[in-house]
Amino acid sequence: MAHRPIVTLTTDFGINDYFVGAVKGVILDIVPEAAIVDISHAVQAFDVLDGALTISQTYSYFPTGTVHMVVVDPGVGTTRRPIIASSDGYHFVAPDNGVLSMVYAKEERIHVRHVTSDHYFRQPVSNTFHGRDIFAPVAAYLAKMVDSHKFGEEIEDYVRFAAPKPKPAGDNRLRAVVLKVDRFGNLITNLTPEDAPALFTGKTPFKITVGSKEISDIRSSYAEGAPGEVFGILGSMGYLEIVANRAAAAQITGAGKGAEVSIVFSEGAAAGKGA
């Protein structure tokens with residue numbers, strides 16, 4: 001039995017306006033049998049990095065053949081290009097502004113096309129709502145099994161950026177950053193076990209400073225901390241998170257997205273790769 005075509009949506013549209021409904025209507029008009037899955041419409045407005053994080057943490061859990069539409073598009077109406085990025089298992093429809101950068105980093109093989117075949121677009125094309133008029137119909141036709149080659153020529157100069165990495169800050173020190181704050185107030189940093197293995201072994205003393213708090217414990221679950229206690233945990237995204245049991249670490253520490261996270265190891269310990 002054939003699977004229903006799947007189209008996912010990752011946007012900064014929110015849910016208070018008509019935007020998401022209009023996008024879904026366009027898709028269903030072209031491919032009525034599609035299953036449309038909302039990954040998130042709460043990407044921070046205009047925040048391409050937040051969009052890149054969101055789709056990179058989600059896309060691979062879907063069945064092969066899924067079409068992922070990713071619209072975080074502060075350059076809508078400008079000369080930035082609409083693109084299709086195709087890996088061995090998925091298609092991604094997005095503006096060419098780097099929002100797929102973390103997908104590019106994960107996929108061994110990916111082909112990117114500049115979408116120029118405007119007969120697939122909804123007409124007339126609004127200068128302010130390409131999500132409805134360009135990305136949604138292109139995603140729908142891909143879900144309808146239109147070959148990606150028909151939408152435009154392959155390009156090599158697509159926009160990509162490297163996600164921020166922790167940096168050495170002197171002997172036995174690392175400087176990381178908060179990438180995002182989730183809805184529970186957890187501070188998700190950019191530090192992984194690969195960046196600082198000693199942090200997660202439980203054998204090397206350390207001190208983490210973020211906002212107004214110093215932390216010296218990594219726990220294996222949220223419930224291991226006392227209520228309101230701030231500590232570290234290796235979260236489901238694969239990054240060090242600064243968290244509090246049944247409380248918002250962001251509020252307790254006074255730190256938010258972009259805040260510096262300082263890690264200091266005991267004298268003589270390896271701070272991590274590159275240190």
# chains A, B, ... in the order shown; residues from 1 in each chain; ligands from 1
$ residues_around --residues "stretch 10-24 of chain A" --least-positions-apart "3" --cutoff "8 Å" --atoms "only C-alpha atoms" --output "list in words"
Ile27, Leu28, Ile36, Asp38, Ile39, Ser40, His41, Ala42, Val43, Gln44, Ala45, Phe46, Gly51, Thr54, Ile55, His68, Met69, Val70, Val71, Val72, Gly131, Arg132 and Ala136 of chain A
$ residues_around --residues "stretch 99-110 of chain A" --least-positions-apart "4" --cutoff "6 Å" --atoms "only C-alpha atoms" --output "NGL selection string"
:A and (48 or 51-52 or 56 or 86-87 or 160-161)
$ write_last_selection --atoms "C-alpha atoms" --output "PDB file, in the first residue's frame"
ATOM      1  CA  VAL A  48      17.577  31.864  10.461  1.00  0.00           C
ATOM      2  CA  GLY A  51      15.105  27.727  11.935  1.00  0.00           C
ATOM      3  CA  ALA A  52      18.248  25.810  10.996  1.00  0.00           C
ATOM      4  CA  SER A  56      18.105  19.826  11.580  1.00  0.00           C
ATOM      5  CA  SER A  86      17.524  17.184  -2.290  1.00  0.00           C
ATOM      6  CA  SER A  87      19.317  14.539  -0.241  1.00  0.00           C
ATOM      7  CA  ARG A 160      25.416  28.267   4.115  1.00  0.00           C
ATOM      8  CA  PHE A 161      26.961  29.149   7.440  1.00  0.00           C
TER       9      PHE A 161
END
$ closest_residue --among "A:Gly152, A:Pro137, A:Gly89, A:Gly225" --to "A:Val115" --atoms "only C-alpha atoms"
A:Gly152
$ atom_distance --atom1 "atom CA of A:Asp157" --atom2 "atom CA of A:Tyr120"
23.3 Å
$ closest_residue --among "A:Lys165, A:Gly228, A:Val243, A:Gly238" --to "A:Phe184" --atoms "only C-alpha atoms"
A:Val243
$ atom_distance --atom1 "atom CA of A:Gly258" --atom2 "atom CA of A:Lys180"
7.6 Å
$ select_by_dssp --residues "stretch 113-216 of chain A" --states "strand (DSSP E or B)" --output "compact mmCIF listing (two decimals) with C-alpha atoms, in the first residue's frame"
# COMPACT_ATOMS: atom_id res chain seq x y z
CA ARG A 113 18.48 23.84 -7.31
CA HIS A 114 17.48 27.43 -7.87
CA GLU A 154 21.52 23.01 -9.98
CA ILE A 155 23.67 25.58 -8.18
CA LYS A 167 36.25 28.20 21.53
CA PRO A 168 39.29 27.83 23.78
CA ARG A 173 38.92 27.09 29.61
CA LEU A 174 36.22 26.98 26.97
CA ARG A 175 33.77 29.65 25.93
CA ALA A 176 30.41 28.47 24.61
CA VAL A 177 27.15 30.26 23.88
CA VAL A 178 23.43 29.74 24.43
CA LEU A 179 21.89 28.84 21.08
CA LYS A 180 18.29 28.98 22.21
CA VAL A 181 15.94 28.90 25.18
CA LEU A 187 19.37 27.07 28.08
CA ILE A 188 20.58 25.00 25.12
CA THR A 189 24.27 25.66 24.52
CA PHE A 206 34.77 21.95 36.47
CA LYS A 207 32.88 25.17 36.90
CA ILE A 208 30.33 26.48 34.41
CA THR A 209 29.37 30.14 34.64
CA VAL A 210 26.26 31.40 32.88
CA LYS A 213 25.06 31.26 38.36
CA GLU A 214 28.03 28.93 38.73
CA ILE A 215 27.38 25.24 38.10
$ atom_distance --atom1 "atom CA of A:Asn245" --atom2 "atom CA of A:Tyr222"
5.4 Å
$ residues_around --residues "stretch 30-34 of chain A" --least-positions-apart "4" --cutoff "10 Å" --atoms "only C-alpha atoms" --output "PDB file with N, CA and C atoms, in the first residue's frame"
ATOM      1  N   HIS A   3       2.239   4.958   0.581  1.00  0.00           N
ATOM      2  CA  HIS A   3       2.102   5.911   1.673  1.00  0.00           C
ATOM      3  C   HIS A   3       1.558   7.233   1.142  1.00  0.00           C
ATOM      4  N   ARG A   4       0.796   7.917   1.972  1.00  0.00           N
ATOM      5  CA  ARG A   4       0.379   9.276   1.619  1.00  0.00           C
ATOM      6  C   ARG A   4       1.609  10.160   1.527  1.00  0.00           C
ATOM      7  N   PRO A   5       1.656  11.092   0.580  1.00  0.00           N
ATOM      8  CA  PRO A   5       2.767  12.043   0.546  1.00  0.00           C
ATOM      9  C   PRO A   5       2.751  12.910   1.804  1.00  0.00           C
ATOM     10  N   ILE A   6       3.933  13.201   2.327  1.00  0.00           N
ATOM     11  CA  ILE A   6       4.046  13.983   3.554  1.00  0.00           C
ATOM     12  C   ILE A   6       4.757  15.291   3.256  1.00  0.00           C
ATOM     13  N   VAL A   7       4.180  16.381   3.705  1.00  0.00           N
ATOM     14  CA  VAL A   7       4.809  17.702   3.635  1.00  0.00           C
ATOM     15  C   VAL A   7       4.880  18.251   5.047  1.00  0.00           C
ATOM     16  N   LYS A  24      -1.381  25.768   4.008  1.00  0.00           N
ATOM     17  CA  LYS A  24      -1.949  24.416   3.958  1.00  0.00           C
ATOM     18  C   LYS A  24      -3.007  24.306   2.862  1.00  0.00           C
ATOM     19  N   GLY A  25      -3.790  25.348   2.686  1.00  0.00           N
ATOM     20  CA  GLY A  25      -4.798  25.326   1.639  1.00  0.00           C
ATOM     21  C   GLY A  25      -4.195  25.190   0.260  1.00  0.00           C
ATOM     22  N   VAL A  26      -3.111  25.913   0.005  1.00  0.00           N
ATOM     23  CA  VAL A  26      -2.432  25.827  -1.299  1.00  0.00           C
ATOM     24  C   VAL A  26      -1.916  24.412  -1.538  1.00  0.00           C
ATOM     25  N   ALA A 136       4.984  26.914  -0.927  1.00  0.00           N
ATOM     26  CA  ALA A 136       3.924  25.926  -0.740  1.00  0.00           C
ATOM     27  C   ALA A 136       3.603  25.165  -2.027  1.00  0.00           C
ATOM     28  N   PRO A 137       3.387  25.855  -3.154  1.00  0.00           N
ATOM     29  CA  PRO A 137       3.099  25.081  -4.369  1.00  0.00           C
ATOM     30  C   PRO A 137       4.272  24.229  -4.825  1.00  0.00           C
ATOM     31  N   VAL A 138       5.498  24.717  -4.679  1.00  0.00           N
ATOM     32  CA  VAL A 138       6.663  23.909  -5.064  1.00  0.00           C
ATOM     33  C   VAL A 138       6.738  22.657  -4.195  1.00  0.00           C
ATOM     34  N   ALA A 139       6.542  22.814  -2.883  1.00  0.00           N
ATOM     35  CA  ALA A 139       6.541  21.656  -1.992  1.00  0.00           C
ATOM     36  C   ALA A 139       5.440  20.673  -2.387  1.00  0.00           C
ATOM     37  N   ALA A 140       4.267  21.199  -2.741  1.00  0.00           N
ATOM     38  CA  ALA A 140       3.146  20.333  -3.105  1.00  0.00           C
ATOM     39  C   ALA A 140       3.442  19.549  -4.383  1.00  0.00           C
ATOM     40  N   TYR A 141       4.010  20.205  -5.378  1.00  0.00           N
ATOM     41  CA  TYR A 141       4.321  19.491  -6.621  1.00  0.00           C
ATOM     42  C   TYR A 141       5.421  18.456  -6.417  1.00  0.00           C
ATOM     43  N   LEU A 142       6.360  18.740  -5.538  1.00  0.00           N
ATOM     44  CA  LEU A 142       7.365  17.726  -5.205  1.00  0.00           C
ATOM     45  C   LEU A 142       6.700  16.523  -4.538  1.00  0.00           C
ATOM     46  N   ALA A 143       5.754  16.800  -3.631  1.00  0.00           N
ATOM     47  CA  ALA A 143       5.022  15.715  -2.980  1.00  0.00           C
ATOM     48  C   ALA A 143       4.176  14.937  -3.980  1.00  0.00           C
ATOM     49  N   LYS A 144       3.814  15.597  -5.065  1.00  0.00           N
ATOM     50  CA  LYS A 144       3.030  14.962  -6.131  1.00  0.00           C
ATOM     51  C   LYS A 144       3.931  14.227  -7.116  1.00  0.00           C
TER      52      LYS A 144
END
$ residues_around --residues "A:Pro95" --least-positions-apart "2" --cutoff "6 Å" --atoms "only C-alpha atoms" --output "short mmCIF file (atom, residue, chain, number, x, y, z; two decimals) with C-alpha atoms, in the first residue's frame"
data_model
loop_
_atom_site.label_atom_id
_atom_site.label_comp_id
_atom_site.auth_asym_id
_atom_site.auth_seq_id
_atom_site.Cartn_x
_atom_site.Cartn_y
_atom_site.Cartn_z
CA ARG A 81 16.61 32.74 -4.35
CA PRO A 82 13.98 30.08 -3.67
CA ILE A 83 15.68 26.69 -3.63
CA ASN A 97 19.47 32.31 3.21
#
$ select_by_dssp --residues "stretch 31-110 of chain A" --states "alpha helix (DSSP H)" --output "VMD selection string"
chain A and resid 48 to 56 101 to 106
